[in-house]
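The file entry_22.cif comes next; it holds mmCIF, N, CA and C atoms.
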```cif
data_model
#
loop_
_atom_site.label_atom_id
_atom_site.label_comp_id
_atom_site.auth_asym_id
_atom_site.auth_seq_id
_atom_site.Cartn_x
_atom_site.Cartn_y
_atom_site.Cartn_z
N MET F 262 11.32 5.26 -6.10
CA MET F 262 10.75 6.18 -5.15
C MET F 262 10.07 7.34 -5.88
N ARG F 263 10.65 7.75 -6.98
CA ARG F 263 10.07 8.84 -7.77
C ARG F 263 8.63 8.52 -8.16
N ARG F 264 8.41 7.30 -8.54
CA ARG F 264 7.07 6.88 -8.96
C ARG F 264 6.07 7.00 -7.81
N TYR F 265 6.50 6.64 -6.63
CA TYR F 265 5.66 6.73 -5.42
C TYR F 265 5.34 8.18 -5.10
N ILE F 266 6.34 9.03 -5.16
CA ILE F 266 6.15 10.45 -4.85
C ILE F 266 5.25 11.11 -5.89
N LEU F 267 5.48 10.84 -7.16
CA LEU F 267 4.65 11.43 -8.20
C LEU F 267 3.21 10.95 -8.12
N PHE F 268 3.02 9.69 -7.75
CA PHE F 268 1.67 9.16 -7.60
C PHE F 268 0.88 9.95 -6.56
N HIS F 269 1.58 10.41 -5.53
CA HIS F 269 0.93 11.17 -4.45
C HIS F 269 1.13 12.67 -4.60
N ASN F 270 1.16 13.13 -5.84
CA ASN F 270 1.22 14.56 -6.16
C ASN F 270 2.39 15.27 -5.50
N LYS F 271 3.56 14.63 -5.56
CA LYS F 271 4.83 15.19 -5.10
C LYS F 271 4.90 15.45 -3.59
N ARG F 272 4.11 14.71 -2.82
CA ARG F 272 4.21 14.79 -1.36
C ARG F 272 5.44 14.03 -0.91
N HIS F 273 6.06 14.50 0.15
CA HIS F 273 7.24 13.83 0.67
C HIS F 273 6.80 12.55 1.39
N PRO F 274 7.51 11.45 1.19
CA PRO F 274 7.14 10.18 1.83
C PRO F 274 7.07 10.24 3.35
N LYS F 275 7.85 11.12 3.97
CA LYS F 275 7.78 11.24 5.43
C LYS F 275 6.44 11.80 5.91
N ASP F 276 5.71 12.45 5.00
CA ASP F 276 4.40 13.01 5.32
C ASP F 276 3.27 12.03 5.04
N MET F 277 3.61 10.83 4.62
CA MET F 277 2.60 9.83 4.27
C MET F 277 2.71 8.63 5.18
N GLY F 278 1.62 7.88 5.25
CA GLY F 278 1.60 6.71 6.11
C GLY F 278 1.17 5.46 5.38
N SER F 279 0.64 4.53 6.14
CA SER F 279 0.26 3.23 5.57
C SER F 279 -0.89 3.35 4.58
N LYS F 280 -1.77 4.31 4.79
CA LYS F 280 -2.90 4.50 3.86
C LYS F 280 -2.39 4.82 2.46
N GLU F 281 -1.42 5.72 2.37
CA GLU F 281 -0.87 6.11 1.08
C GLU F 281 -0.11 4.96 0.43
N MET F 282 0.57 4.18 1.26
CA MET F 282 1.29 3.02 0.73
C MET F 282 0.29 2.02 0.15
N GLU F 283 -0.79 1.79 0.87
CA GLU F 283 -1.81 0.86 0.40
C GLU F 283 -2.44 1.35 -0.91
N GLU F 284 -2.69 2.65 -1.00
CA GLU F 284 -3.26 3.21 -2.23
C GLU F 284 -2.32 3.00 -3.42
N PHE F 285 -1.03 3.21 -3.18
CA PHE F 285 -0.05 3.05 -4.25
C PHE F 285 0.05 1.59 -4.68
N LEU F 286 0.11 0.68 -3.71
CA LEU F 286 0.21 -0.75 -4.05
C LEU F 286 -1.05 -1.23 -4.77
N THR F 287 -2.20 -0.72 -4.37
CA THR F 287 -3.45 -1.08 -5.04
C THR F 287 -3.44 -0.55 -6.47
N HIS F 288 -2.95 0.67 -6.65
CA HIS F 288 -2.83 1.24 -7.99
C HIS F 288 -1.94 0.36 -8.87
N LEU F 289 -0.81 -0.08 -8.32
CA LEU F 289 0.09 -0.93 -9.09
C LEU F 289 -0.61 -2.22 -9.52
N ALA F 290 -1.36 -2.81 -8.60
CA ALA F 290 -2.02 -4.08 -8.90
C ALA F 290 -3.16 -3.92 -9.90
N VAL F 291 -3.97 -2.90 -9.71
CA VAL F 291 -5.18 -2.74 -10.51
C VAL F 291 -4.92 -2.04 -11.84
N ASN F 292 -4.21 -0.93 -11.79
CA ASN F 292 -4.05 -0.11 -12.99
C ASN F 292 -2.80 -0.44 -13.79
N GLU F 293 -1.75 -0.89 -13.11
CA GLU F 293 -0.49 -1.17 -13.79
C GLU F 293 -0.28 -2.67 -14.05
N ASN F 294 -1.15 -3.48 -13.46
CA ASN F 294 -1.09 -4.94 -13.64
C ASN F 294 0.29 -5.53 -13.33
N VAL F 295 0.90 -5.04 -12.25
CA VAL F 295 2.22 -5.56 -11.89
C VAL F 295 2.08 -6.87 -11.12
N ALA F 296 3.12 -7.65 -11.14
CA ALA F 296 3.13 -8.94 -10.46
C ALA F 296 3.20 -8.73 -8.94
N ALA F 297 2.79 -9.75 -8.23
CA ALA F 297 2.82 -9.71 -6.77
C ALA F 297 4.23 -9.46 -6.25
N SER F 298 5.22 -10.02 -6.91
CA SER F 298 6.60 -9.83 -6.47
C SER F 298 7.02 -8.37 -6.60
N THR F 299 6.51 -7.68 -7.61
CA THR F 299 6.82 -6.26 -7.78
C THR F 299 6.15 -5.43 -6.69
N GLN F 300 4.93 -5.78 -6.36
CA GLN F 300 4.24 -5.10 -5.27
C GLN F 300 5.00 -5.31 -3.96
N ASN F 301 5.46 -6.52 -3.74
CA ASN F 301 6.21 -6.83 -2.53
C ASN F 301 7.51 -6.03 -2.49
N TYR F 302 8.18 -5.92 -3.62
CA TYR F 302 9.40 -5.12 -3.72
C TYR F 302 9.13 -3.68 -3.29
N TRP F 303 8.09 -3.07 -3.85
CA TRP F 303 7.77 -1.69 -3.52
C TRP F 303 7.42 -1.55 -2.05
N HIS F 304 6.67 -2.47 -1.51
CA HIS F 304 6.28 -2.43 -0.11
C HIS F 304 7.52 -2.41 0.79
N ILE F 305 8.43 -3.33 0.55
CA ILE F 305 9.66 -3.41 1.35
C ILE F 305 10.52 -2.17 1.13
N TYR F 306 10.64 -1.74 -0.10
CA TYR F 306 11.45 -0.57 -0.41
C TYR F 306 10.95 0.67 0.32
N ILE F 307 9.65 0.91 0.28
CA ILE F 307 9.07 2.09 0.94
C ILE F 307 9.27 2.00 2.45
N LEU F 308 9.04 0.83 3.02
CA LEU F 308 9.20 0.66 4.46
C LEU F 308 10.64 0.93 4.91
N HIS F 309 11.59 0.45 4.17
CA HIS F 309 13.00 0.59 4.56
C HIS F 309 13.56 1.95 4.22
N GLU F 310 13.01 2.60 3.22
CA GLU F 310 13.52 3.90 2.81
C GLU F 310 13.12 4.98 3.81
N PHE F 311 11.93 4.85 4.37
CA PHE F 311 11.46 5.87 5.30
C PHE F 311 10.94 5.21 6.52
#
```
Please render this file's structure as structure tokens.
Amino acid sequence: MRRYILFHNKRHPKDMGSKEMEEFLTHLAVNENVAASTQNYWHIYILHEF
């Protein structure tokens, strides 16, 4: 979660929506070259956490 918050300049996740989640997942795929399973993990984690 820390990584998600820092990516969005320390904004609280409750103040963010699907647009911010999509930006973060796109960043992971394009800039961090993470696997699809990792992206899926983050997607589920963010949805269930907030």
Point to revise | helix (DSSP H, G or I) call set, DSSP backbone run, chain F, as a ChimeraX atom specification | key: /F:263-268,274-276,279-291,297-310
Review point. Once the PyMOL selection byres (((chain F and resi 264 and name CA) around 12) and name CA) has been applied to the shown file, what residues remain in the selection, as a VMD selection string?
Key: chain F and resid 262 to 263 265 to 274 282 285 to 286 288 to 289 303 307
Report, as lines of an AutoDock Vina configuration file, the centre and edge lengths in Å (one decimal) of the axis-aligned box enclosing every listed atom of range 263-278 of chain F, padded by 5 Å on each side.
```
center_x = 5.8
center_y = 10.5
center_z = -1.4
size_x = 19.8
size_y = 20.0
size_z = 25.1
```
Practice item. Please identify all polymer residues lying at most 12 Å from the point (8.0, -3.5, 1.1) (file coordinates), using only C-alpha atoms, and present the result as a list in words. Key: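 Final list of nearby residues, as requested, is Met262, Ser279, Met282, Glu283, Phe285, Leu286, Ala297, Ser298, Thr299, Gln300, Asn301, Tyr302, Trp303, His304, Ile305, Tyr306, Ile307, Leu308, His309, Glu310 and Phe311 of chain F.
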Exercise for review: Kindly give the distance, in Å, that separates atom C of Glu293 in chain F and atom C of Glu281 in chain F, rounded to a single decimal.
Suggested key: 16.4 Å
Revision key, fill the gap. In Å and to one decimal, CA of Asp276 in chain F is distant from CA of Asn294 in chain F by 26.7 Å
Exercise for review: Could you please determine the separation between atom C of Val295 in chain F and atom N of Lys280 in chain F in Å, to one decimal place?
Suggested key: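 Atom-to-atom, atom C of Val295 in chain F to atom N of Lys280 in chain F, that is 19.8 Å.
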